[in-house]
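**Q** File name structure-v3.txt; file contents compact mmCIF, C-alpha atoms; full text below.
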```txt
# COMPACT_ATOMS: atom_id res chain seq x y z
CA MET A 1 33.28 76.32 197.02
CA SER A 2 35.72 74.71 194.64
CA SER A 3 34.44 71.66 192.81
CA PRO A 4 34.91 68.55 194.93
CA PRO A 5 38.12 66.67 194.12
CA ARG A 6 37.70 63.39 192.29
CA ILE A 7 40.78 61.99 193.92
CA HIS A 8 40.08 60.37 197.25
CA SER A 9 43.60 59.41 198.12
CA TYR A 10 47.14 59.52 196.80
CA LEU A 11 48.13 56.57 198.96
CA ARG A 12 48.18 54.10 196.06
CA THR A 13 50.10 56.54 193.85
CA HIS A 14 52.82 57.05 196.45
CA ARG A 15 52.98 53.39 197.37
CA ARG A 16 53.50 52.42 193.73
CA LYS A 17 55.86 55.33 193.12
CA TRP A 18 58.19 53.79 195.69
CA ALA A 19 57.61 50.23 194.41
CA LEU A 20 55.99 49.13 197.67
CA THR A 21 53.54 46.25 197.76
CA GLN A 22 50.36 46.48 199.79
CA LYS A 23 51.85 43.95 202.23
CA GLU A 24 54.92 46.11 202.76
CA LEU A 25 52.80 49.20 203.27
CA ILE A 26 50.62 47.36 205.77
CA TYR A 27 53.77 46.41 207.67
CA LEU A 28 55.15 49.97 207.58
CA LEU A 29 51.85 51.45 208.73
CA GLY A 30 51.57 48.87 211.49
CA ARG A 31 48.32 47.46 210.20
CA GLU A 32 47.22 43.86 210.03
CA CYS A 33 44.55 43.67 207.40
CA ALA A 34 45.31 43.92 203.68
CA SER A 35 41.76 44.90 202.83
CA SER A 36 41.98 47.97 205.07
CA ILE A 37 44.76 49.41 202.87
CA SER A 38 42.83 48.58 199.74
CA ARG A 39 39.75 50.36 201.10
CA LEU A 40 41.88 53.35 202.12
CA GLU A 41 43.44 53.54 198.67
CA GLN A 42 40.04 53.49 197.03
CA GLY A 43 38.60 56.04 199.43
CA LYS A 44 36.04 53.58 200.73
CA ARG A 45 37.18 54.04 204.30
CA PRO A 46 38.37 57.19 206.09
CA PRO A 47 41.82 56.98 207.71
CA CYS A 48 42.18 57.32 211.46
CA ALA A 49 44.31 60.08 213.01
CA ALA A 50 47.21 57.74 213.83
CA LEU A 51 47.31 56.49 210.25
CA LEU A 52 47.29 60.04 208.88
CA LEU A 53 50.29 60.89 211.02
CA THR A 54 52.10 57.65 210.15
CA CYS A 55 51.57 58.37 206.45
CA GLU A 56 52.95 61.87 206.91
CA VAL A 57 56.08 60.50 208.57
CA LEU A 58 56.41 57.78 205.94
CA PHE A 59 55.92 59.77 202.74
CA GLY A 60 56.66 63.28 204.02
CA ILE A 61 53.30 64.47 202.73
CA THR A 62 50.65 66.24 204.76
CA PRO A 63 47.30 64.47 205.29
CA ARG A 64 45.65 67.23 203.26
CA GLU A 65 47.79 66.36 200.27
CA LEU A 66 47.47 62.62 200.71
CA PHE A 67 43.69 62.58 201.23
CA PRO A 68 42.35 65.62 199.34
CA LYS A 69 38.73 64.46 199.24
CA LEU A 70 38.62 63.84 202.97
CA TYR A 71 40.19 67.25 203.60
CA ALA A 72 37.65 68.96 201.33
CA ASP A 73 34.75 67.19 203.08
CA VAL A 74 36.05 68.07 206.54
CA GLU A 75 36.64 71.66 205.48
CA GLU A 76 33.17 72.01 203.99
CA GLU A 77 31.47 70.65 207.10
CA LEU A 78 33.59 72.81 209.39
CA LEU A 79 32.89 75.95 207.37
CA ALA A 80 29.16 75.32 207.57
CA ARG A 81 29.39 74.90 211.36
CA ALA A 82 31.65 77.96 211.74
CA ALA A 83 29.27 80.09 209.68
CA LYS A 84 26.33 78.87 211.77
CA LEU A 85 28.13 79.64 215.03
CA TYR A 86 29.07 83.07 213.69
CA GLU A 87 25.41 83.73 212.92
CA THR A 88 24.35 82.81 216.45
CA LEU A 89 26.94 85.25 217.81
CA GLU A 90 25.59 88.09 215.69
CA GLY A 91 23.75 90.67 217.76
CA ASN A 92 25.75 89.83 220.89
CA GLU A 93 28.38 92.21 222.13
CA GLY A 94 31.30 92.15 224.51
CA PRO A 95 35.03 91.35 224.36
CA VAL A 96 34.51 87.58 224.62
CA VAL A 97 32.04 87.52 221.73
CA GLU A 98 34.30 89.78 219.68
CA LYS A 99 37.22 87.44 220.26
CA LYS A 100 35.17 84.45 219.12
CA LYS A 101 33.94 86.32 216.05
CA GLU A 102 37.51 87.34 215.18
CA PHE A 103 38.58 83.70 215.42
CA LEU A 104 35.72 82.42 213.26
CA ASP A 105 36.32 85.20 210.78
CA ASN A 106 39.96 84.09 210.50
CA VAL A 107 38.90 80.47 210.00
CA LEU A 108 36.50 81.39 207.20
CA LYS A 109 38.99 83.75 205.52
CA ARG A 110 41.74 81.14 205.66
CA ALA A 111 39.50 78.53 204.05
CA VAL A 112 38.28 80.91 201.34
CA THR A 113 41.89 81.90 200.50
CA ARG A 114 42.88 78.24 200.24
CA ILE A 115 39.90 77.41 198.05
CA ASN A 116 40.64 80.36 195.74
CA THR A 117 44.29 79.32 195.52
CA SER A 118 43.28 75.79 194.47
CA LYS A 119 40.92 77.24 191.86
CA ASP A 120 43.79 79.32 190.43
CA HIS A 121 45.94 76.17 190.27
CA GLU A 122 43.13 74.33 188.47
CA SER A 123 42.76 77.06 185.84
CA MET B 1 53.40 65.76 192.14
CA ASN B 2 51.17 68.73 192.59
CA HIS B 3 48.62 68.06 195.27
CA GLU B 4 46.19 70.84 194.49
CA TYR B 5 42.84 69.67 193.23
CA ARG B 6 43.55 69.33 189.57
CA GLN B 7 40.57 68.10 187.63
CA HIS B 8 42.07 67.32 184.24
CA PHE B 9 42.66 63.63 183.86
CA VAL B 10 44.18 62.16 180.77
CA PHE B 11 43.79 58.43 180.36
CA SER B 12 46.38 56.90 178.11
CA ILE B 13 45.84 53.38 176.83
CA HIS B 14 48.16 51.14 174.87
CA LEU B 15 46.89 47.83 173.60
CA SER B 16 49.18 44.91 173.05
CA SER B 17 48.78 41.36 171.85
CA ARG B 18 48.71 40.18 175.46
CA GLY B 19 46.43 42.75 177.03
CA PHE B 20 46.81 46.45 177.67
CA ALA B 21 48.61 49.06 179.72
CA PHE B 22 47.16 52.28 181.03
CA VAL B 23 48.29 55.45 182.72
CA LEU B 24 46.09 58.09 184.24
CA PHE B 25 47.78 61.48 184.18
CA GLU B 26 46.94 64.52 186.24
CA GLY B 27 49.64 66.49 184.49
CA PRO B 28 52.54 65.85 182.11
CA GLU B 29 54.79 64.53 184.86
CA SER B 30 52.12 63.54 187.37
CA PRO B 31 50.83 60.03 186.87
CA TYR B 32 48.04 59.20 189.30
CA ASP B 33 47.54 55.54 188.51
CA TRP B 34 49.00 53.07 186.07
CA GLY B 35 48.99 49.38 185.39
CA ILE B 36 49.44 46.49 183.02
CA LYS B 37 46.67 44.00 182.46
CA GLU B 38 47.57 40.71 180.86
CA ILE B 39 44.64 38.94 179.24
CA ARG B 40 45.35 35.53 177.80
CA LYS B 41 41.91 33.96 177.97
CA ARG B 42 39.34 33.52 175.27
CA ARG B 43 37.13 36.50 174.48
CA LYS B 44 40.18 38.71 174.94
CA ASN B 45 38.50 41.74 173.41
CA ASP B 46 35.40 41.56 175.61
CA ILE B 47 37.49 41.20 178.76
CA THR B 48 39.81 44.04 177.74
CA LEU B 49 36.86 46.33 177.02
CA THR B 50 35.25 45.47 180.35
CA HIS B 51 38.44 46.37 182.20
CA ILE B 52 38.81 49.62 180.30
CA ARG B 53 35.15 50.51 180.88
CA LYS B 54 35.59 49.95 184.63
CA LEU B 55 38.67 52.18 184.69
CA ILE B 56 36.85 54.91 182.77
CA GLU B 57 33.89 54.70 185.14
CA ARG B 58 36.18 54.88 188.14
CA TYR B 59 38.30 57.82 187.04
CA ARG B 60 36.00 59.74 184.68
CA PRO B 61 38.90 61.08 182.56
CA ASP B 62 38.62 64.29 180.54
CA GLY B 63 40.47 62.80 177.61
CA ILE B 64 41.55 59.42 176.32
CA VAL B 65 44.82 59.04 174.45
CA ILE B 66 45.38 56.11 172.14
CA GLU B 67 47.69 55.17 169.32
CA ASP B 68 46.70 56.31 165.85
CA TYR B 69 45.87 52.87 164.54
CA GLU B 70 44.90 54.26 161.14
CA ALA B 71 48.27 55.91 160.57
CA LYS B 72 50.26 54.80 157.57
CA GLU B 73 53.09 53.29 159.62
CA SER B 74 50.77 51.50 162.06
CA LYS B 75 51.20 47.74 161.99
CA ARG B 76 48.54 46.76 164.47
CA SER B 77 46.52 43.60 164.01
CA GLU B 78 42.89 43.69 162.97
CA ARG B 79 41.88 42.58 166.48
CA VAL B 80 43.73 45.52 168.09
CA ARG B 81 42.34 47.95 165.51
CA TRP B 82 38.82 46.74 166.28
CA LEU B 83 39.51 47.18 169.99
CA TYR B 84 40.76 50.73 169.48
CA ARG B 85 37.59 51.49 167.51
CA MET B 86 35.53 50.11 170.39
CA ILE B 87 37.42 52.30 172.87
CA GLU B 88 36.66 55.32 170.69
CA HIS B 89 33.01 54.32 170.61
CA LEU B 90 32.99 53.86 174.39
CA ALA B 91 34.57 57.30 174.84
CA MET B 92 31.99 58.83 172.53
CA THR B 93 29.10 57.39 174.53
CA GLU B 94 30.68 58.75 177.72
CA HIS B 95 31.31 62.16 176.06
CA ILE B 96 35.06 61.88 176.49
CA GLU B 97 37.36 63.36 173.89
CA VAL B 98 39.75 60.95 172.19
CA PHE B 99 43.21 61.94 171.02
CA ARG B 100 45.19 59.74 168.62
CA TYR B 101 48.93 59.97 168.14
CA SER B 102 50.93 57.98 165.66
CA ARG B 103 54.17 56.17 166.47
CA ASP B 104 55.85 58.71 164.25
CA ALA B 105 54.55 61.55 166.43
CA VAL B 106 55.86 59.76 169.52
CA ARG B 107 59.26 59.26 167.90
CA LYS B 108 59.43 62.92 166.82
CA CYS B 109 58.50 64.12 170.29
CA PHE B 110 61.25 62.11 171.96
CA THR B 111 63.93 62.86 169.37
CA SER B 112 64.59 66.14 171.17
CA VAL B 113 65.85 64.17 174.20
CA GLY B 114 67.91 61.82 172.06
CA ALA B 115 65.54 58.87 172.29
CA ARG B 116 64.65 57.07 169.09
CA THR B 117 63.93 53.45 169.88
CA ARG B 118 61.16 52.31 172.22
CA TYR B 119 63.78 51.24 174.74
CA GLU B 120 65.47 54.64 174.62
CA ILE B 121 62.07 56.32 174.99
CA ALA B 122 61.39 54.15 178.07
CA GLN B 123 64.72 55.23 179.53
CA ALA B 124 63.98 58.90 178.78
CA ILE B 125 60.60 58.56 180.52
CA ALA B 126 62.21 56.93 183.55
CA ARG B 127 64.63 59.87 183.80
CA GLN B 128 61.78 62.34 183.49
CA ILE B 129 59.27 60.63 185.80
CA PRO B 130 60.95 58.92 188.78
CA ALA B 131 57.79 56.93 189.59
CA PHE B 132 58.62 54.70 186.60
CA SER B 133 62.38 54.47 187.03
CA HIS B 134 62.19 51.00 188.58
CA ARG B 135 59.97 49.63 185.81
CA VAL B 136 62.17 50.08 182.76
CA PRO B 137 62.33 46.76 180.87
CA LYS B 138 65.63 45.17 180.00
CA LEU B 139 67.05 45.82 176.55
CA ARG B 140 65.27 43.36 174.29
CA LYS B 141 67.45 40.96 172.36
CA ILE B 142 66.32 39.62 169.03
CA TRP B 143 65.46 36.20 170.49
CA MET B 144 63.49 37.61 173.43
CA SER B 145 59.75 38.17 173.50
CA GLU B 146 58.58 41.63 174.44
CA ASP B 147 58.56 42.56 178.10
CA PRO B 148 54.98 43.44 179.21
CA ARG B 149 56.39 46.57 180.87
CA GLN B 150 57.23 47.95 177.44
CA SER B 151 53.51 48.37 176.86
CA LEU B 152 53.29 50.53 179.99
CA PHE B 153 56.02 52.81 178.66
CA ASP B 154 54.24 52.99 175.30
CA ALA B 155 51.14 54.21 177.15
CA ILE B 156 53.20 56.75 179.11
CA ALA B 157 54.86 57.97 175.90
CA LEU B 158 51.43 58.54 174.32
CA GLY B 159 50.37 60.58 177.36
CA ILE B 160 53.54 62.69 177.25
CA VAL B 161 53.10 63.30 173.52
CA HIS B 162 49.55 64.44 174.21
CA TYR B 163 50.79 67.05 176.69
CA CYS B 164 53.55 68.11 174.29
CA LEU B 165 51.24 68.55 171.31
CA ALA B 166 47.87 69.44 172.81
CA HIS B 167 49.22 71.63 175.61
CA PRO B 168 52.64 72.84 174.46
CA HIS B 169 54.68 74.81 176.96
CA PRO B 170 54.77 78.54 176.19
```
Would you kindly transcribe this structure into structure tokens?

**A**
Amino acid sequence: MSSPPRIHSYLRTHRRKWALTQKELIYLLGRECASSISRLEQGKRPPCAALLLTCEVLFGITPRELFPKLYADVEEELLARAAKLYETLEGNEGPVVEKKKEFLDNVLKRAVTRINTSKDHES
Amino acid sequence: MNHEYRQHFVFSIHLSSRGFAFVLFEGPESPYDWGIKEIRKRRKNDITLTHIRKLIERYRPDGIVIEDYEAKESKRSERVRWLYRMIEHLAMTEHIEVFRYSRDAVRKCFTSVGARTRYEIAQAIARQIPAFSHRVPKLRKIWMSEDPRQSLFDAIALGIVHYCLAHPHP
């Protein structure tokens, strides 16, 4: 695994890049509470799905790019579950099992490729 | 802004008579966070150091960039010099490398883009990094006091000089 990113969120960076105040961002995101944005910016609170999509529309940045730490955590947990499911399928045969294994194999390969690409970018 | 997981943070600090400005860089043109802190109370140095310590603890930078306060042309006050020494000491205890660049080095670095004065350097930075384009201070007249935003651009300039000198492009 690549080392965990220190950056929780780029929300504050992008907000300030476009000279937006927290109040204006709250309005644009359709939120009511100022502290929720502050917590999101500091990575103290995970964003909900609707907020991730709203941010993507607003800044034109994917949730993975905007919340790298969250993405890395989700990816790590998913990979562990996928590997575990793959293990339970080992020893079983049949077209259905093969299809599932092919899918899980693709998931794991995709994640490993992405992690290696980020490592190359780091170095 | 590159959104891959870059782990090299450079924390540039510029102290002024009214507080300090900081910029946290992920790369030469990728500022992650920045700000100006005005401190006008008593115990200015203690408060400044506390703020800087909190920022260092939050971001865990790989390097700290400050002005070379011991350079020949440096005209910083004794208070600011003491504060810079304290920042160096703080960095040492946190095992963070400190890089010092003189005002002369900053000027030399920006001469290539036709910027000589601090105002011209601020304008050059704003052209180079759009995130700061709306923060350029007005041209200072002789009767005007310094705009606090100038300190921010001084911090940015130090960061850019660090990338130019420590990590020159091939």

**Q** Determine, counting all atoms listed in the file, which protein, DNA and RNA residues have an atom within 9 Å of an atom of B:Pro28; residues of the same chain fewer than 3 positions away are not included. Present the result as a ChimeraX atom specification.

**A** /B:25,31,159-164

**Q** From the options A:Ala80, A:Val57, A:Ile115, A:Leu28, which residue's atoms come nearest to chain B, counting only C-alpha atoms?

**A** A:Ile115

**Q** What gap, in Å, lies between atom CA of A:Leu25 and atom CA of A:Phe67?

**A** 16.3 Å

**Q** Would you compute the distance between atom CA of B:Leu139 and atom CA of B:Leu15? Give it in Å to one decimal.

**A**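 Taking atom CA of B:Leu139 as the start and atom CA of B:Leu15 as the end point, the length is 20.5 Å.
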
**Q** I'd like the neighbourhood of stretch 39-54 of chain A as an mmCIF file with C-alpha atoms, in the coordinates of the input, where a residue qualifies if any of its atoms comes within 10 Å (using only C-alpha atoms), though same-chain residues fewer than 2 positions away should be ignored.

**A**
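Writing the result to out16.cif gives the following:
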```cif
data_model
loop_
_atom_site.group_PDB
_atom_site.id
_atom_site.type_symbol
_atom_site.label_atom_id
_atom_site.label_comp_id
_atom_site.auth_asym_id
_atom_site.auth_seq_id
_atom_site.Cartn_x
_atom_site.Cartn_y
_atom_site.Cartn_z
ATOM 1 C CA ILE A 7 40.780 61.990 193.920
ATOM 2 C CA HIS A 8 40.080 60.370 197.250
ATOM 3 C CA SER A 9 43.600 59.410 198.120
ATOM 4 C CA TYR A 10 47.140 59.520 196.800
ATOM 5 C CA LEU A 11 48.130 56.570 198.960
ATOM 6 C CA ARG A 12 48.180 54.100 196.060
ATOM 7 C CA THR A 13 50.100 56.540 193.850
ATOM 8 C CA ARG A 15 52.980 53.390 197.370
ATOM 9 C CA GLN A 22 50.360 46.480 199.790
ATOM 10 C CA LEU A 28 55.150 49.970 207.580
ATOM 11 C CA LEU A 29 51.850 51.450 208.730
ATOM 12 C CA GLY A 30 51.570 48.870 211.490
ATOM 13 C CA ARG A 31 48.320 47.460 210.200
ATOM 14 C CA ALA A 34 45.310 43.920 203.680
ATOM 15 C CA SER A 35 41.760 44.900 202.830
ATOM 16 C CA SER A 36 41.980 47.970 205.070
ATOM 17 C CA ILE A 37 44.760 49.410 202.870
ATOM 18 C CA GLU A 56 52.950 61.870 206.910
ATOM 19 C CA VAL A 57 56.080 60.500 208.570
ATOM 20 C CA LEU A 58 56.410 57.780 205.940
ATOM 21 C CA PHE A 59 55.920 59.770 202.740
ATOM 22 C CA GLY A 60 56.660 63.280 204.020
ATOM 23 C CA ILE A 61 53.300 64.470 202.730
ATOM 24 C CA THR A 62 50.650 66.240 204.760
ATOM 25 C CA PRO A 63 47.300 64.470 205.290
ATOM 26 C CA ARG A 64 45.650 67.230 203.260
ATOM 27 C CA LEU A 66 47.470 62.620 200.710
ATOM 28 C CA PHE A 67 43.690 62.580 201.230
ATOM 29 C CA LYS A 69 38.730 64.460 199.240
ATOM 30 C CA LEU A 70 38.620 63.840 202.970
ATOM 31 C CA ARG B 58 36.180 54.880 188.140
#
```

**Q** Give me the box for stretch 127-135 of chain B as lines of an AutoDock Vina configuration file, namely the centre and edge lengths in Å to one decimal of a box along x, y and z that holds every listed atom plus 8 Å on each side.

**A**
```
center_x = 61.2
center_y = 56.0
center_z = 186.5
size_x = 22.8
size_y = 28.7
size_z = 22.1
```

**Q** Skipping near chain neighbours, those fewer than 4 positions away, what residues fall within 12 Å of B:Thr111 using all atoms listed in the file, listed as an MDAnalysis selection string?

**A** chainID B and resid 104:107 115:118 120:121 124 161

**Q** Can you tell me, as a PyMOL selection string, what residues are no more than 10 Å from B:Tyr69 when counting all atoms listed in the file, ignoring any on the same chain fewer than 3 positions away?

**A** chain B and resi 66+72-78+80-82+84-85+100-103

**Q** To one decimal place in Å, what is the distance between atom CA of A:Glu75 and atom CA of B:Glu26?

**A**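 Between these atoms lies a distance of 23.0 Å.
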
**Q** Nearest to chain A: which of B:Ala131, B:Met144, B:Ile39, B:Leu158 is it, counting all atoms listed in the file?

**A**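 Selected residue with least distance to chain A: B:Ala131.
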
**Q** Between A:Thr113, A:Asp120, A:Thr21, A:Cys33, which has the minimum distance to chain B (counting only C-alpha atoms)?

**A**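 Looking at the shortest contact to chain B, the residue is A:Asp120.
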
**Q** Ranking A:Glu65, A:Glu87, A:Glu93, A:Glu76 by minimum distance to chain B and counting all atoms listed in the file, which one comes first?

**A**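 Of the candidates, the smallest distance to chain B is held by A:Glu65.
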
**Q** Determine the nearest neighbour of chain B from the options A:Leu85, A:Ser38, A:Pro95, A:Lys17, counting all atoms listed in the file.

**A**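 Counting all atoms listed in the file, the residue closest to chain B is A:Lys17.
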
**Q** Write out as a list in words the residues lying within 8 Å of B:Ala155, counting all atoms listed in the file and excluding same-chain residues fewer than 6 positions away.

**A**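 Neighbouring residues, sequence-local ones excluded: Ser12, Ile13, His14, Ala21, Phe22, Val23 and Ile66 of chain B.
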
**Q** I'd like to know which of B:Lys37, B:Arg135, B:Arg53, B:Lys44 is closest to B:His89, using only C-alpha atoms.

**A**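 Of the candidates, the smallest distance to B:His89 is held by B:Arg53.
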
**Q** Generate the coordinates of N, CA and C atoms for stretch 75-98 of chain A; report them as an mmCIF file, keeping the file's coordinate frame.

**A**
```
data_model
loop_
_atom_site.group_PDB
_atom_site.id
_atom_site.type_symbol
_atom_site.label_atom_id
_atom_site.label_comp_id
_atom_site.auth_asym_id
_atom_site.auth_seq_id
_atom_site.Cartn_x
_atom_site.Cartn_y
_atom_site.Cartn_z
ATOM 1 N N GLU A 75 36.630 70.199 205.576
ATOM 2 C CA GLU A 75 36.640 71.660 205.480
ATOM 3 C C GLU A 75 35.238 72.209 205.229
ATOM 4 N N GLU A 76 34.511 71.550 204.326
ATOM 5 C CA GLU A 76 33.170 72.010 203.990
ATOM 6 C C GLU A 76 32.246 71.943 205.209
ATOM 7 N N GLU A 77 32.324 70.822 205.914
ATOM 8 C CA GLU A 77 31.470 70.650 207.100
ATOM 9 C C GLU A 77 31.828 71.660 208.179
ATOM 10 N N LEU A 78 33.132 71.863 208.372
ATOM 11 C CA LEU A 78 33.590 72.810 209.390
ATOM 12 C C LEU A 78 33.144 74.225 209.050
ATOM 13 N N LEU A 79 33.277 74.596 207.777
ATOM 14 C CA LEU A 79 32.890 75.950 207.370
ATOM 15 C C LEU A 79 31.410 76.190 207.618
ATOM 16 N N ALA A 80 30.607 75.185 207.342
ATOM 17 C CA ALA A 80 29.160 75.320 207.570
ATOM 18 C C ALA A 80 28.888 75.536 209.063
ATOM 19 N N ARG A 81 29.585 74.766 209.909
ATOM 20 C CA ARG A 81 29.390 74.900 211.360
ATOM 21 C C ARG A 81 29.894 76.253 211.853
ATOM 22 N N ALA A 82 31.061 76.673 211.324
ATOM 23 C CA ALA A 82 31.650 77.960 211.740
ATOM 24 C C ALA A 82 30.726 79.114 211.356
ATOM 25 N N ALA A 83 30.171 79.033 210.142
ATOM 26 C CA ALA A 83 29.270 80.090 209.680
ATOM 27 C C ALA A 83 28.005 80.133 210.549
ATOM 28 N N LYS A 84 27.529 78.955 210.934
ATOM 29 C CA LYS A 84 26.330 78.870 211.770
ATOM 30 C C LYS A 84 26.599 79.455 213.160
ATOM 31 N N LEU A 85 27.768 79.114 213.710
ATOM 32 C CA LEU A 85 28.130 79.640 215.030
ATOM 33 C C LEU A 85 28.296 81.154 214.976
ATOM 34 N N TYR A 86 28.883 81.621 213.867
ATOM 35 C CA TYR A 86 29.070 83.070 213.690
ATOM 36 C C TYR A 86 27.712 83.772 213.691
ATOM 37 N N GLU A 87 26.766 83.154 212.990
ATOM 38 C CA GLU A 87 25.410 83.730 212.920
ATOM 39 C C GLU A 87 24.776 83.830 214.294
ATOM 40 N N THR A 88 24.951 82.795 215.112
ATOM 41 C CA THR A 88 24.350 82.810 216.450
ATOM 42 C C THR A 88 24.989 83.879 217.341
ATOM 43 N N LEU A 89 26.253 84.226 217.003
ATOM 44 C CA LEU A 89 26.940 85.250 217.810
ATOM 45 C C LEU A 89 26.557 86.666 217.400
ATOM 46 N N GLU A 90 25.997 86.773 216.179
ATOM 47 C CA GLU A 90 25.590 88.090 215.690
ATOM 48 C C GLU A 90 24.561 88.697 216.636
ATOM 49 N N GLY A 91 24.691 89.994 216.877
ATOM 50 C CA GLY A 91 23.750 90.670 217.760
ATOM 51 C C GLY A 91 24.240 90.712 219.194
ATOM 52 N N ASN A 92 25.171 89.795 219.543
ATOM 53 C CA ASN A 92 25.750 89.830 220.890
ATOM 54 C C ASN A 92 26.980 90.724 220.885
ATOM 55 N N GLU A 93 27.230 91.312 222.018
ATOM 56 C CA GLU A 93 28.380 92.210 222.130
ATOM 57 C C GLU A 93 29.248 91.824 223.320
ATOM 58 N N GLY A 94 30.395 92.417 223.392
ATOM 59 C CA GLY A 94 31.300 92.150 224.510
ATOM 60 C C GLY A 94 32.632 91.625 224.013
ATOM 61 N N PRO A 95 33.684 91.754 224.802
ATOM 62 C CA PRO A 95 35.030 91.350 224.360
ATOM 63 C C PRO A 95 35.154 89.850 224.065
ATOM 64 N N VAL A 96 34.431 89.038 224.838
ATOM 65 C CA VAL A 96 34.510 87.580 224.620
ATOM 66 C C VAL A 96 33.897 87.217 223.265
ATOM 67 N N VAL A 97 32.732 87.793 223.003
ATOM 68 C CA VAL A 97 32.040 87.520 221.730
ATOM 69 C C VAL A 97 32.878 88.032 220.560
ATOM 70 N N GLU A 98 33.462 89.209 220.740
ATOM 71 C CA GLU A 98 34.300 89.780 219.680
ATOM 72 C C GLU A 98 35.479 88.881 219.365
#
```
